[in-house]
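Trainee: Here you go, this is final_9.cif (mmCIF, N, CA and C atoms).
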```cif
data_input
#
loop_
_atom_site.label_atom_id
_atom_site.label_comp_id
_atom_site.auth_asym_id
_atom_site.auth_seq_id
_atom_site.Cartn_x
_atom_site.Cartn_y
_atom_site.Cartn_z
N MET A 1 11.02 -10.77 11.10
CA MET A 1 9.62 -10.45 11.26
C MET A 1 8.85 -10.93 10.03
N PRO A 2 7.74 -11.62 10.23
CA PRO A 2 6.95 -12.05 9.07
C PRO A 2 6.20 -10.85 8.47
N ALA A 3 5.77 -11.03 7.23
CA ALA A 3 5.03 -9.97 6.55
C ALA A 3 3.72 -9.69 7.27
N LYS A 4 3.38 -8.40 7.37
CA LYS A 4 2.12 -7.99 7.96
C LYS A 4 1.39 -7.11 6.96
N ILE A 5 0.15 -7.47 6.71
CA ILE A 5 -0.67 -6.73 5.76
C ILE A 5 -1.87 -6.16 6.52
N LYS A 6 -2.04 -4.86 6.43
CA LYS A 6 -3.19 -4.21 7.06
C LYS A 6 -4.12 -3.71 5.95
N ILE A 7 -5.39 -4.02 6.09
CA ILE A 7 -6.36 -3.63 5.07
C ILE A 7 -7.40 -2.70 5.69
N ASN A 8 -7.61 -1.58 5.00
CA ASN A 8 -8.60 -0.59 5.42
C ASN A 8 -9.59 -0.38 4.27
N ASN A 9 -10.87 -0.47 4.56
CA ASN A 9 -11.86 -0.18 3.53
C ASN A 9 -12.60 1.09 3.92
N LEU A 10 -12.22 2.20 3.29
CA LEU A 10 -12.86 3.48 3.56
C LEU A 10 -14.00 3.76 2.58
N ASN A 11 -14.21 2.84 1.63
CA ASN A 11 -15.30 2.97 0.66
C ASN A 11 -16.36 1.94 1.03
N LYS A 12 -17.25 2.32 1.93
CA LYS A 12 -18.21 1.39 2.51
C LYS A 12 -19.24 0.85 1.51
N LYS A 13 -19.37 1.50 0.36
CA LYS A 13 -20.35 0.98 -0.61
C LYS A 13 -19.79 -0.18 -1.43
N ARG A 14 -18.50 -0.49 -1.27
CA ARG A 14 -17.87 -1.60 -1.99
C ARG A 14 -17.25 -2.57 -1.00
N GLY A 15 -17.82 -3.73 -0.86
CA GLY A 15 -17.28 -4.73 0.04
C GLY A 15 -16.02 -5.38 -0.53
N ILE A 16 -15.13 -5.79 0.35
CA ILE A 16 -13.90 -6.45 -0.07
C ILE A 16 -13.66 -7.66 0.82
N GLY A 17 -12.92 -8.64 0.34
CA GLY A 17 -12.58 -9.82 1.13
C GLY A 17 -11.17 -9.73 1.66
N HIS A 18 -11.04 -9.49 2.94
CA HIS A 18 -9.73 -9.27 3.55
C HIS A 18 -8.80 -10.48 3.40
N GLU A 19 -9.29 -11.67 3.63
CA GLU A 19 -8.42 -12.86 3.61
C GLU A 19 -7.87 -13.14 2.22
N ILE A 20 -8.68 -13.02 1.19
CA ILE A 20 -8.19 -13.27 -0.18
C ILE A 20 -7.15 -12.22 -0.56
N ILE A 21 -7.34 -11.00 -0.11
CA ILE A 21 -6.37 -9.93 -0.40
C ILE A 21 -5.04 -10.25 0.28
N LYS A 22 -5.10 -10.61 1.54
CA LYS A 22 -3.85 -10.96 2.24
C LYS A 22 -3.17 -12.14 1.58
N SER A 23 -3.93 -13.12 1.18
CA SER A 23 -3.37 -14.31 0.54
C SER A 23 -2.63 -13.96 -0.75
N ILE A 24 -3.23 -13.11 -1.57
CA ILE A 24 -2.59 -12.76 -2.85
C ILE A 24 -1.34 -11.92 -2.60
N VAL A 25 -1.37 -11.03 -1.62
CA VAL A 25 -0.19 -10.22 -1.32
C VAL A 25 0.94 -11.11 -0.82
N PHE A 26 0.63 -12.03 0.09
CA PHE A 26 1.66 -12.96 0.59
C PHE A 26 2.23 -13.78 -0.57
N GLY A 27 1.37 -14.18 -1.51
CA GLY A 27 1.84 -14.95 -2.66
C GLY A 27 2.81 -14.18 -3.53
N VAL A 28 2.51 -12.92 -3.82
CA VAL A 28 3.40 -12.09 -4.63
C VAL A 28 4.72 -11.87 -3.90
N LEU A 29 4.64 -11.50 -2.63
CA LEU A 29 5.86 -11.26 -1.86
C LEU A 29 6.73 -12.51 -1.81
N SER A 30 6.11 -13.64 -1.55
CA SER A 30 6.83 -14.91 -1.47
C SER A 30 7.53 -15.25 -2.78
N ASP A 31 6.83 -15.01 -3.88
CA ASP A 31 7.39 -15.30 -5.20
C ASP A 31 8.68 -14.51 -5.46
N PHE A 32 8.78 -13.34 -4.86
CA PHE A 32 9.97 -12.50 -5.02
C PHE A 32 10.93 -12.61 -3.84
N GLY A 33 10.68 -13.57 -2.97
CA GLY A 33 11.59 -13.83 -1.85
C GLY A 33 11.53 -12.80 -0.75
N ILE A 34 10.43 -12.06 -0.66
CA ILE A 34 10.28 -11.05 0.37
C ILE A 34 9.58 -11.69 1.58
N LYS A 35 10.28 -11.73 2.69
CA LYS A 35 9.72 -12.32 3.91
C LYS A 35 9.28 -11.26 4.91
N ASP A 36 9.97 -10.14 4.93
CA ASP A 36 9.70 -9.09 5.90
C ASP A 36 9.04 -7.90 5.21
N ALA A 37 7.79 -7.65 5.57
CA ALA A 37 7.08 -6.54 4.94
C ALA A 37 6.00 -6.01 5.87
N LEU A 38 5.76 -4.74 5.75
CA LEU A 38 4.65 -4.06 6.41
C LEU A 38 3.94 -3.26 5.32
N ILE A 39 2.76 -3.71 4.94
CA ILE A 39 2.05 -3.06 3.85
C ILE A 39 0.64 -2.71 4.31
N ASP A 40 0.27 -1.45 4.13
CA ASP A 40 -1.09 -0.99 4.38
C ASP A 40 -1.78 -0.83 3.03
N ILE A 41 -2.93 -1.47 2.88
CA ILE A 41 -3.72 -1.35 1.66
C ILE A 41 -5.03 -0.68 2.05
N THR A 42 -5.32 0.45 1.41
CA THR A 42 -6.52 1.20 1.73
C THR A 42 -7.37 1.33 0.47
N PHE A 43 -8.63 0.91 0.60
CA PHE A 43 -9.60 1.01 -0.50
C PHE A 43 -10.40 2.28 -0.29
N ILE A 44 -10.43 3.12 -1.35
CA ILE A 44 -11.05 4.43 -1.25
C ILE A 44 -11.92 4.69 -2.47
N THR A 45 -12.58 5.83 -2.46
CA THR A 45 -13.45 6.24 -3.56
C THR A 45 -12.63 6.90 -4.68
N ASP A 46 -13.27 7.05 -5.83
CA ASP A 46 -12.64 7.79 -6.93
C ASP A 46 -12.30 9.22 -6.50
N ARG A 47 -13.20 9.82 -5.75
CA ARG A 47 -12.99 11.20 -5.31
C ARG A 47 -11.73 11.33 -4.46
N LYS A 48 -11.54 10.41 -3.52
CA LYS A 48 -10.37 10.47 -2.64
C LYS A 48 -9.08 10.16 -3.40
N ILE A 49 -9.12 9.16 -4.31
CA ILE A 49 -7.89 8.83 -5.03
C ILE A 49 -7.52 9.94 -6.00
N LYS A 50 -8.53 10.65 -6.51
CA LYS A 50 -8.24 11.80 -7.37
C LYS A 50 -7.47 12.87 -6.59
N THR A 51 -7.89 13.10 -5.34
CA THR A 51 -7.19 14.07 -4.48
C THR A 51 -5.74 13.64 -4.25
N LEU A 52 -5.53 12.36 -3.94
CA LEU A 52 -4.17 11.86 -3.72
C LEU A 52 -3.34 11.92 -5.00
N ASN A 53 -3.96 11.57 -6.13
CA ASN A 53 -3.26 11.57 -7.41
C ASN A 53 -2.81 12.99 -7.78
N LYS A 54 -3.66 13.96 -7.49
CA LYS A 54 -3.30 15.36 -7.77
C LYS A 54 -2.16 15.81 -6.85
N LYS A 55 -2.27 15.47 -5.57
CA LYS A 55 -1.28 15.92 -4.59
C LYS A 55 0.09 15.30 -4.82
N TYR A 56 0.14 13.98 -5.09
CA TYR A 56 1.42 13.29 -5.14
C TYR A 56 1.94 13.03 -6.55
N MET A 57 1.04 12.90 -7.52
CA MET A 57 1.47 12.59 -8.89
C MET A 57 1.24 13.77 -9.84
N HIS A 58 0.60 14.82 -9.34
CA HIS A 58 0.32 16.03 -10.12
C HIS A 58 -0.57 15.75 -11.33
N LYS A 59 -1.49 14.81 -11.14
CA LYS A 59 -2.46 14.46 -12.19
C LYS A 59 -3.85 14.66 -11.61
N ASP A 60 -4.61 15.54 -12.22
CA ASP A 60 -5.92 15.93 -11.69
C ASP A 60 -7.02 15.02 -12.24
N ARG A 61 -6.93 13.73 -11.89
CA ARG A 61 -7.93 12.75 -12.32
C ARG A 61 -7.84 11.53 -11.40
N PRO A 62 -8.92 10.78 -11.33
CA PRO A 62 -8.84 9.54 -10.54
C PRO A 62 -7.94 8.52 -11.25
N THR A 63 -7.43 7.61 -10.49
CA THR A 63 -6.62 6.52 -11.03
C THR A 63 -7.03 5.26 -10.30
N ASP A 64 -6.50 4.13 -10.73
CA ASP A 64 -6.89 2.88 -10.09
C ASP A 64 -6.07 2.57 -8.85
N VAL A 65 -4.75 2.74 -8.92
CA VAL A 65 -3.85 2.35 -7.83
C VAL A 65 -2.75 3.40 -7.65
N LEU A 66 -2.45 3.71 -6.40
CA LEU A 66 -1.28 4.50 -6.06
C LEU A 66 -0.48 3.72 -5.03
N SER A 67 0.82 3.58 -5.26
CA SER A 67 1.70 2.85 -4.34
C SER A 67 2.82 3.78 -3.88
N PHE A 68 3.13 3.69 -2.60
CA PHE A 68 4.19 4.51 -2.03
C PHE A 68 5.13 3.61 -1.25
N LEU A 69 6.34 3.45 -1.75
CA LEU A 69 7.37 2.68 -1.05
C LEU A 69 7.98 3.57 0.01
N LEU A 70 7.91 3.13 1.25
CA LEU A 70 8.42 3.93 2.36
C LEU A 70 9.82 3.51 2.77
N SER A 71 10.15 2.22 2.63
CA SER A 71 11.52 1.76 2.86
C SER A 71 11.65 0.33 2.35
N GLY A 72 12.89 -0.10 2.22
CA GLY A 72 13.15 -1.45 1.72
C GLY A 72 13.03 -1.50 0.21
N GLY A 73 12.69 -2.65 -0.30
CA GLY A 73 12.54 -2.83 -1.74
C GLY A 73 13.07 -4.19 -2.14
N ILE A 74 12.84 -4.54 -3.39
CA ILE A 74 13.17 -5.89 -3.86
C ILE A 74 14.67 -6.14 -3.89
N ASN A 75 15.47 -5.12 -4.10
CA ASN A 75 16.91 -5.33 -4.21
C ASN A 75 17.67 -5.02 -2.92
N LYS A 76 16.97 -4.75 -1.87
CA LYS A 76 17.61 -4.41 -0.60
C LYS A 76 17.60 -5.64 0.31
N LYS A 77 18.74 -6.16 0.61
CA LYS A 77 18.86 -7.33 1.48
C LYS A 77 18.68 -6.93 2.94
N ASN A 78 18.05 -7.81 3.69
CA ASN A 78 17.88 -7.65 5.13
C ASN A 78 17.14 -6.37 5.52
N GLN A 79 16.28 -5.89 4.67
CA GLN A 79 15.46 -4.74 5.01
C GLN A 79 14.00 -5.14 4.95
N VAL A 80 13.20 -4.43 5.70
CA VAL A 80 11.76 -4.65 5.67
C VAL A 80 11.17 -3.81 4.55
N LEU A 81 10.34 -4.44 3.72
CA LEU A 81 9.61 -3.72 2.68
C LEU A 81 8.42 -3.05 3.35
N VAL A 82 8.40 -1.72 3.32
CA VAL A 82 7.32 -0.97 3.96
C VAL A 82 6.68 -0.08 2.90
N GLY A 83 5.37 -0.19 2.79
CA GLY A 83 4.70 0.63 1.79
C GLY A 83 3.21 0.77 2.03
N ASP A 84 2.64 1.76 1.36
CA ASP A 84 1.20 2.01 1.38
C ASP A 84 0.67 1.88 -0.04
N ILE A 85 -0.49 1.26 -0.15
CA ILE A 85 -1.17 1.12 -1.44
C ILE A 85 -2.58 1.67 -1.26
N TYR A 86 -2.99 2.54 -2.18
CA TYR A 86 -4.34 3.07 -2.21
C TYR A 86 -5.00 2.58 -3.48
N ILE A 87 -6.19 2.04 -3.34
CA ILE A 87 -6.91 1.46 -4.47
C ILE A 87 -8.30 2.06 -4.54
N SER A 88 -8.69 2.50 -5.73
CA SER A 88 -10.06 2.98 -5.92
C SER A 88 -10.95 1.78 -6.21
N SER A 89 -11.77 1.40 -5.23
CA SER A 89 -12.70 0.30 -5.47
C SER A 89 -13.84 0.76 -6.38
N ASP A 90 -14.08 2.07 -6.47
CA ASP A 90 -15.04 2.58 -7.46
C ASP A 90 -14.53 2.29 -8.87
N MET A 91 -13.26 2.58 -9.10
CA MET A 91 -12.66 2.33 -10.42
C MET A 91 -12.68 0.84 -10.75
N ALA A 92 -12.39 0.01 -9.76
CA ALA A 92 -12.43 -1.44 -9.98
C ALA A 92 -13.82 -1.88 -10.40
N TYR A 93 -14.83 -1.33 -9.75
CA TYR A 93 -16.21 -1.69 -10.10
C TYR A 93 -16.54 -1.24 -11.52
N LYS A 94 -16.25 0.03 -11.83
CA LYS A 94 -16.54 0.56 -13.17
C LYS A 94 -15.81 -0.24 -14.25
N ASN A 95 -14.54 -0.55 -14.01
CA ASN A 95 -13.78 -1.31 -15.01
C ASN A 95 -14.26 -2.75 -15.12
N SER A 96 -14.74 -3.33 -14.04
CA SER A 96 -15.27 -4.69 -14.12
C SER A 96 -16.51 -4.72 -15.03
N VAL A 97 -17.31 -3.69 -14.98
CA VAL A 97 -18.49 -3.59 -15.85
C VAL A 97 -18.04 -3.35 -17.29
N GLU A 98 -17.13 -2.39 -17.47
CA GLU A 98 -16.68 -2.04 -18.83
C GLU A 98 -15.97 -3.19 -19.53
N PHE A 99 -15.09 -3.91 -18.81
CA PHE A 99 -14.30 -4.97 -19.42
C PHE A 99 -14.91 -6.35 -19.24
N LYS A 100 -16.13 -6.38 -18.65
CA LYS A 100 -16.86 -7.64 -18.46
C LYS A 100 -16.05 -8.67 -17.68
N THR A 101 -15.44 -8.20 -16.60
CA THR A 101 -14.76 -9.08 -15.65
C THR A 101 -15.57 -9.02 -14.37
N ASN A 102 -15.21 -9.84 -13.39
CA ASN A 102 -15.94 -9.68 -12.14
C ASN A 102 -15.18 -8.71 -11.22
N PHE A 103 -15.93 -8.13 -10.31
CA PHE A 103 -15.39 -7.09 -9.43
C PHE A 103 -14.21 -7.61 -8.61
N ARG A 104 -14.34 -8.81 -8.07
CA ARG A 104 -13.26 -9.37 -7.25
C ARG A 104 -11.97 -9.52 -8.05
N SER A 105 -12.07 -10.00 -9.28
CA SER A 105 -10.87 -10.15 -10.12
C SER A 105 -10.23 -8.81 -10.41
N GLU A 106 -11.05 -7.82 -10.70
CA GLU A 106 -10.52 -6.48 -10.99
C GLU A 106 -9.82 -5.91 -9.75
N LEU A 107 -10.44 -6.08 -8.61
CA LEU A 107 -9.85 -5.61 -7.36
C LEU A 107 -8.53 -6.32 -7.08
N MET A 108 -8.49 -7.62 -7.30
CA MET A 108 -7.26 -8.39 -7.07
C MET A 108 -6.16 -7.94 -8.03
N ARG A 109 -6.52 -7.62 -9.26
CA ARG A 109 -5.54 -7.11 -10.23
C ARG A 109 -4.90 -5.84 -9.68
N TYR A 110 -5.70 -4.96 -9.11
CA TYR A 110 -5.18 -3.70 -8.57
C TYR A 110 -4.28 -3.95 -7.37
N VAL A 111 -4.65 -4.91 -6.53
CA VAL A 111 -3.82 -5.26 -5.38
C VAL A 111 -2.46 -5.75 -5.87
N ILE A 112 -2.47 -6.67 -6.81
CA ILE A 112 -1.22 -7.21 -7.38
C ILE A 112 -0.40 -6.08 -7.99
N HIS A 113 -1.06 -5.23 -8.76
CA HIS A 113 -0.39 -4.12 -9.42
C HIS A 113 0.30 -3.21 -8.40
N GLY A 114 -0.40 -2.91 -7.32
CA GLY A 114 0.17 -2.06 -6.28
C GLY A 114 1.38 -2.69 -5.62
N VAL A 115 1.30 -3.98 -5.34
CA VAL A 115 2.45 -4.68 -4.73
C VAL A 115 3.63 -4.70 -5.70
N LEU A 116 3.36 -4.94 -6.97
CA LEU A 116 4.45 -4.94 -7.96
C LEU A 116 5.15 -3.58 -8.00
N HIS A 117 4.38 -2.50 -7.89
CA HIS A 117 5.01 -1.17 -7.83
C HIS A 117 5.91 -1.05 -6.61
N LEU A 118 5.46 -1.57 -5.47
CA LEU A 118 6.32 -1.53 -4.28
C LEU A 118 7.61 -2.31 -4.51
N LEU A 119 7.53 -3.32 -5.35
CA LEU A 119 8.71 -4.14 -5.67
C LEU A 119 9.52 -3.54 -6.81
N ASP A 120 9.23 -2.29 -7.15
CA ASP A 120 9.98 -1.48 -8.11
C ASP A 120 9.70 -1.81 -9.57
N PHE A 121 8.58 -2.44 -9.85
CA PHE A 121 8.17 -2.63 -11.24
C PHE A 121 7.49 -1.36 -11.70
N LYS A 122 7.81 -0.95 -12.91
CA LYS A 122 7.26 0.27 -13.50
C LYS A 122 6.29 -0.10 -14.62
N ASP A 123 5.47 0.86 -15.00
CA ASP A 123 4.57 0.66 -16.14
C ASP A 123 4.48 1.92 -17.00
N THR A 124 5.65 2.51 -17.20
CA THR A 124 5.72 3.73 -18.00
C THR A 124 5.82 3.42 -19.49
N SER A 125 6.73 2.54 -19.87
CA SER A 125 6.91 2.21 -21.28
C SER A 125 5.99 1.06 -21.69
N ALA A 126 5.87 0.84 -22.97
CA ALA A 126 5.04 -0.26 -23.49
C ALA A 126 5.56 -1.61 -23.00
N ALA A 127 6.87 -1.79 -23.01
CA ALA A 127 7.47 -3.06 -22.56
C ALA A 127 7.21 -3.28 -21.06
N GLU A 128 7.31 -2.21 -20.28
CA GLU A 128 7.05 -2.33 -18.84
C GLU A 128 5.59 -2.67 -18.57
N LYS A 129 4.69 -2.08 -19.35
CA LYS A 129 3.26 -2.38 -19.20
C LYS A 129 2.97 -3.84 -19.51
N ILE A 130 3.61 -4.36 -20.53
CA ILE A 130 3.42 -5.77 -20.89
C ILE A 130 3.94 -6.67 -19.77
N ARG A 131 5.10 -6.35 -19.24
CA ARG A 131 5.68 -7.14 -18.14
C ARG A 131 4.76 -7.12 -16.92
N MET A 132 4.25 -5.95 -16.57
CA MET A 132 3.34 -5.84 -15.43
C MET A 132 2.07 -6.66 -15.69
N ARG A 133 1.50 -6.56 -16.87
CA ARG A 133 0.28 -7.30 -17.20
C ARG A 133 0.52 -8.80 -17.12
N ASP A 134 1.67 -9.25 -17.63
CA ASP A 134 2.00 -10.68 -17.56
C ASP A 134 2.09 -11.16 -16.11
N LEU A 135 2.73 -10.35 -15.26
CA LEU A 135 2.84 -10.71 -13.85
C LEU A 135 1.47 -10.70 -13.16
N GLU A 136 0.65 -9.71 -13.49
CA GLU A 136 -0.71 -9.67 -12.93
C GLU A 136 -1.47 -10.94 -13.29
N GLU A 137 -1.39 -11.33 -14.56
CA GLU A 137 -2.09 -12.54 -15.01
C GLU A 137 -1.56 -13.78 -14.30
N LYS A 138 -0.26 -13.85 -14.12
CA LYS A 138 0.35 -14.98 -13.42
C LYS A 138 -0.22 -15.13 -12.02
N PHE A 139 -0.27 -14.03 -11.28
CA PHE A 139 -0.75 -14.09 -9.91
C PHE A 139 -2.26 -14.21 -9.82
N LEU A 140 -2.97 -13.67 -10.80
CA LEU A 140 -4.44 -13.79 -10.80
C LEU A 140 -4.87 -15.25 -10.97
N LYS A 141 -4.07 -16.04 -11.67
CA LYS A 141 -4.40 -17.46 -11.85
C LYS A 141 -4.51 -18.19 -10.52
N HIS A 142 -3.78 -17.71 -9.52
CA HIS A 142 -3.81 -18.35 -8.20
C HIS A 142 -5.06 -17.96 -7.40
N VAL A 143 -5.76 -16.92 -7.85
CA VAL A 143 -6.95 -16.44 -7.14
C VAL A 143 -8.16 -17.27 -7.51
N HIS A 144 -8.23 -17.71 -8.75
CA HIS A 144 -9.45 -18.38 -9.24
C HIS A 144 -9.47 -19.84 -8.90
#
```
Can you turn what I pasted into structure tokens?

Mentor:
Amino acid sequence: MPAKIKINNLNKKRGIGHEIIKSIVFGVLSDFGIKDALIDITFITDRKIKTLNKKYMHKDRPTDVLSFLLSGGINKKNQVLVGDIYISSDMAYKNSVEFKTNFRSELMRYVIHGVLHLLDFKDTSAAEKIRMRDLEEKFLKHVH
């Protein structure tokens, strides 16, 4: 089965480009040799992601990305990678202003970050954060 990406935008005040998002996700998956995937990406408000972050991560604050691997993974042969990614497009907008980047680039960074989490990349330690940032930059170069 080929990879299928479903995109939901529940934050109507922030527009998103579905095709560019699918393209970047397919690029990341392809780079890691993942052919079979079912990924739902949902763009939500800071308020909604704060609720999810509190419920699932026990952190009472908004965050940029939450990823939930439902089955499969990068080291599992012949399995479908199935996961959900929630992205705060409000946070992407605020950070694009703060860091003087454009909104689309910030949003794409979050998409890449979420997919990397599904592929079992962590960002807990300083070294892991550097590795994730390097991979984000690598894939962001293909967007511009």

Trainee: For Ala37 of chain A, which residue among A:Met57, A:Ile85, A:Val25, A:Val80 is the nearest when counting only N, CA and C atoms?

Mentor: A:Val80

Trainee: Which neighbours of Lys35 of chain A fall inside 6 Å, counting only N, CA and C atoms, when residues of the same chain fewer than 2 positions from it are skipped, and could you give them as a PyMOL selection string?

Mentor: chain A and resi 1-3+29+33+37

Trainee: So, with all atoms listed in the file as the atoms that count, which of A:Ser125, A:Lys48, A:Leu10, A:Ile5 lies closest to Lys22 of chain A?

Mentor: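 For Lys22 of chain A, the nearest of the candidates is A:Ile5.
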
Trainee: One decimal, in Å: what's the spacing between atom CA of Leu119 of chain A and atom CA of Asp90 of chain A?

Mentor: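 Pair atom CA of Leu119 of chain A / atom CA of Asp90 of chain A returns 24.7 Å.
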
Trainee: What parts of segment 50-140 of chain A does DSSP call helix (DSSP H, G or I)? I'd like the answer as a PyMOL selection string.

Mentor: chain A and resi 50-57+89-98+103-118+126-140

Trainee: Considering all atoms listed in the file, return as a ChimeraX atom specification whatever protein or nucleic-acid residues lie within 8 Å of Thr63 of chain A, sequence-local ones (same chain, fewer than 6 positions apart) excluded.

Mentor: /A:45-51,53-54,86-89,91-92

Trainee: Any chance you could export the current selection's N, CA and C atoms as a short mmCIF file (atom, residue, chain, number, x, y, z; two decimals), in the coordinates of the input?

Mentor:
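Full text of out34.cif as output:
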```cif
data_model
loop_
_atom_site.label_atom_id
_atom_site.label_comp_id
_atom_site.auth_asym_id
_atom_site.auth_seq_id
_atom_site.Cartn_x
_atom_site.Cartn_y
_atom_site.Cartn_z
N THR A 45 -12.58 5.83 -2.46
CA THR A 45 -13.45 6.24 -3.56
C THR A 45 -12.63 6.90 -4.68
N ASP A 46 -13.27 7.05 -5.83
CA ASP A 46 -12.64 7.79 -6.93
C ASP A 46 -12.30 9.22 -6.50
N ARG A 47 -13.20 9.82 -5.75
CA ARG A 47 -12.99 11.20 -5.31
C ARG A 47 -11.73 11.33 -4.46
N LYS A 48 -11.54 10.41 -3.52
CA LYS A 48 -10.37 10.47 -2.64
C LYS A 48 -9.08 10.16 -3.40
N ILE A 49 -9.12 9.16 -4.31
CA ILE A 49 -7.89 8.83 -5.03
C ILE A 49 -7.52 9.94 -6.00
N LYS A 50 -8.53 10.65 -6.51
CA LYS A 50 -8.24 11.80 -7.37
C LYS A 50 -7.47 12.87 -6.59
N THR A 51 -7.89 13.10 -5.34
CA THR A 51 -7.19 14.07 -4.48
C THR A 51 -5.74 13.64 -4.25
N ASN A 53 -3.96 11.57 -6.13
CA ASN A 53 -3.26 11.57 -7.41
C ASN A 53 -2.81 12.99 -7.78
N LYS A 54 -3.66 13.96 -7.49
CA LYS A 54 -3.30 15.36 -7.77
C LYS A 54 -2.16 15.81 -6.85
N TYR A 86 -2.99 2.54 -2.18
CA TYR A 86 -4.34 3.07 -2.21
C TYR A 86 -5.00 2.58 -3.48
N ILE A 87 -6.19 2.04 -3.34
CA ILE A 87 -6.91 1.46 -4.47
C ILE A 87 -8.30 2.06 -4.54
N SER A 88 -8.69 2.50 -5.73
CA SER A 88 -10.06 2.98 -5.92
C SER A 88 -10.95 1.78 -6.21
N SER A 89 -11.77 1.40 -5.23
CA SER A 89 -12.70 0.30 -5.47
C SER A 89 -13.84 0.76 -6.38
N MET A 91 -13.26 2.58 -9.10
CA MET A 91 -12.66 2.33 -10.42
C MET A 91 -12.68 0.84 -10.75
N ALA A 92 -12.39 0.01 -9.76
CA ALA A 92 -12.43 -1.44 -9.98
C ALA A 92 -13.82 -1.88 -10.40
#
```

Trainee: Between atom N of Ser71 of chain A and atom C of Gly114 of chain A, what distance in Å does the model show, to one decimal?

Mentor: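 So the two atoms, atom N of Ser71 of chain A and atom C of Gly114 of chain A, lie 13.0 Å apart.
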
Trainee: Would you kindly translate the PyMOL selection byres (((chain A and resi 40 and name CA) around 7) and name CA) into the concrete residues it picks from this file, as a PDB file with N, CA and C atoms, keeping the file's coordinate frame?

Mentor:
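Heads up, here's the output in part_24.pdb:
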```
ATOM      1  N   ILE A   5       0.150  -7.470   6.710  1.00  0.00           N
ATOM      2  CA  ILE A   5      -0.670  -6.730   5.760  1.00  0.00           C
ATOM      3  C   ILE A   5      -1.870  -6.160   6.520  1.00  0.00           C
ATOM      4  N   LYS A   6      -2.040  -4.860   6.430  1.00  0.00           N
ATOM      5  CA  LYS A   6      -3.190  -4.210   7.060  1.00  0.00           C
ATOM      6  C   LYS A   6      -4.120  -3.710   5.950  1.00  0.00           C
ATOM      7  N   ILE A   7      -5.390  -4.020   6.090  1.00  0.00           N
ATOM      8  CA  ILE A   7      -6.360  -3.630   5.070  1.00  0.00           C
ATOM      9  C   ILE A   7      -7.400  -2.700   5.690  1.00  0.00           C
ATOM     10  N   LEU A  38       5.760  -4.740   5.750  1.00  0.00           N
ATOM     11  CA  LEU A  38       4.650  -4.060   6.410  1.00  0.00           C
ATOM     12  C   LEU A  38       3.940  -3.260   5.320  1.00  0.00           C
ATOM     13  N   ILE A  39       2.760  -3.710   4.940  1.00  0.00           N
ATOM     14  CA  ILE A  39       2.050  -3.060   3.850  1.00  0.00           C
ATOM     15  C   ILE A  39       0.640  -2.710   4.310  1.00  0.00           C
ATOM     16  N   ILE A  41      -2.930  -1.470   2.880  1.00  0.00           N
ATOM     17  CA  ILE A  41      -3.720  -1.350   1.660  1.00  0.00           C
ATOM     18  C   ILE A  41      -5.030  -0.680   2.050  1.00  0.00           C
ATOM     19  N   THR A  42      -5.320   0.450   1.410  1.00  0.00           N
ATOM     20  CA  THR A  42      -6.520   1.200   1.730  1.00  0.00           C
ATOM     21  C   THR A  42      -7.370   1.330   0.470  1.00  0.00           C
ATOM     22  N   GLY A  83       5.370  -0.190   2.790  1.00  0.00           N
ATOM     23  CA  GLY A  83       4.700   0.630   1.790  1.00  0.00           C
ATOM     24  C   GLY A  83       3.210   0.770   2.030  1.00  0.00           C
ATOM     25  N   ASP A  84       2.640   1.760   1.360  1.00  0.00           N
ATOM     26  CA  ASP A  84       1.200   2.010   1.380  1.00  0.00           C
ATOM     27  C   ASP A  84       0.670   1.880  -0.040  1.00  0.00           C
ATOM     28  N   ILE A  85      -0.490   1.260  -0.150  1.00  0.00           N
ATOM     29  CA  ILE A  85      -1.170   1.120  -1.440  1.00  0.00           C
ATOM     30  C   ILE A  85      -2.580   1.670  -1.260  1.00  0.00           C
TER      31      ILE A  85
END
```

Trainee: Go ahead and compute the interatomic distance for atom N of Tyr56 of chain A and atom N of Leu69 of chain A, in Å to one decimal.

Mentor: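 Atom N of Leu69 of chain A lies 12.7 Å from atom N of Tyr56 of chain A.
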
Trainee: Check the smallest atom-to-atom distance from each of A:Arg104, A:Lys138, A:Lys122, A:His117 to Gly17 of chain A using all atoms listed in the file, then report the winner.

Mentor: A:Arg104

Trainee: Residues of chain A classed as strand (DSSP E or B) by DSSP on the backbone are to be reported as a list in words.

Mentor: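 Selecting the strand (DSSP E or B) positions of chain A gives Lys4, Ile5, Lys6, Ile7, Asn8, Asn9, Ala37, Leu38, Ile39, Asp40, Ile41, Thr42, Phe43, Ile44, Val65, Leu66, Ser67, Phe68, Leu69, Leu70, Ser71, Leu81, Val82, Gly83, Asp84, Ile85, Tyr86, Ile87 and Ser88 of chain A.
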
Trainee: Let me make sure I understand: among A:Ile20, A:Leu116, A:Leu140, A:Arg14, which one has the smallest atom-to-atom distance to Lys94 of chain A if we use only C-alpha atoms?

Mentor: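 Of A:Ile20, A:Leu116, A:Leu140, A:Arg14, the one nearest Lys94 of chain A is A:Arg14, counting only C-alpha atoms.
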
Trainee: Which residue is closest to Ile24 of chain A? Choose from A:Leu81, A:Val143, A:Leu70, A:Met132 and count only N, CA and C atoms.

Mentor: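 Looking only at the distances to Ile24 of chain A, the closest residue turns out to be A:Val143.
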
Trainee: Using all atoms listed in the file, which of the listed residues (A:Phe68, A:Phe121, A:Glu136, A:Phe43) sits closest to Asn11 of chain A?

Mentor: A:Phe43

Trainee: Evaluated on this file, the PyMOL selection byres ((chain A and resi 139) around 8) picks out some residues - which ones are they, written as a PyMOL selection string?

Mentor: chain A and resi 24+27-28+108-109+112+133-138+140-144
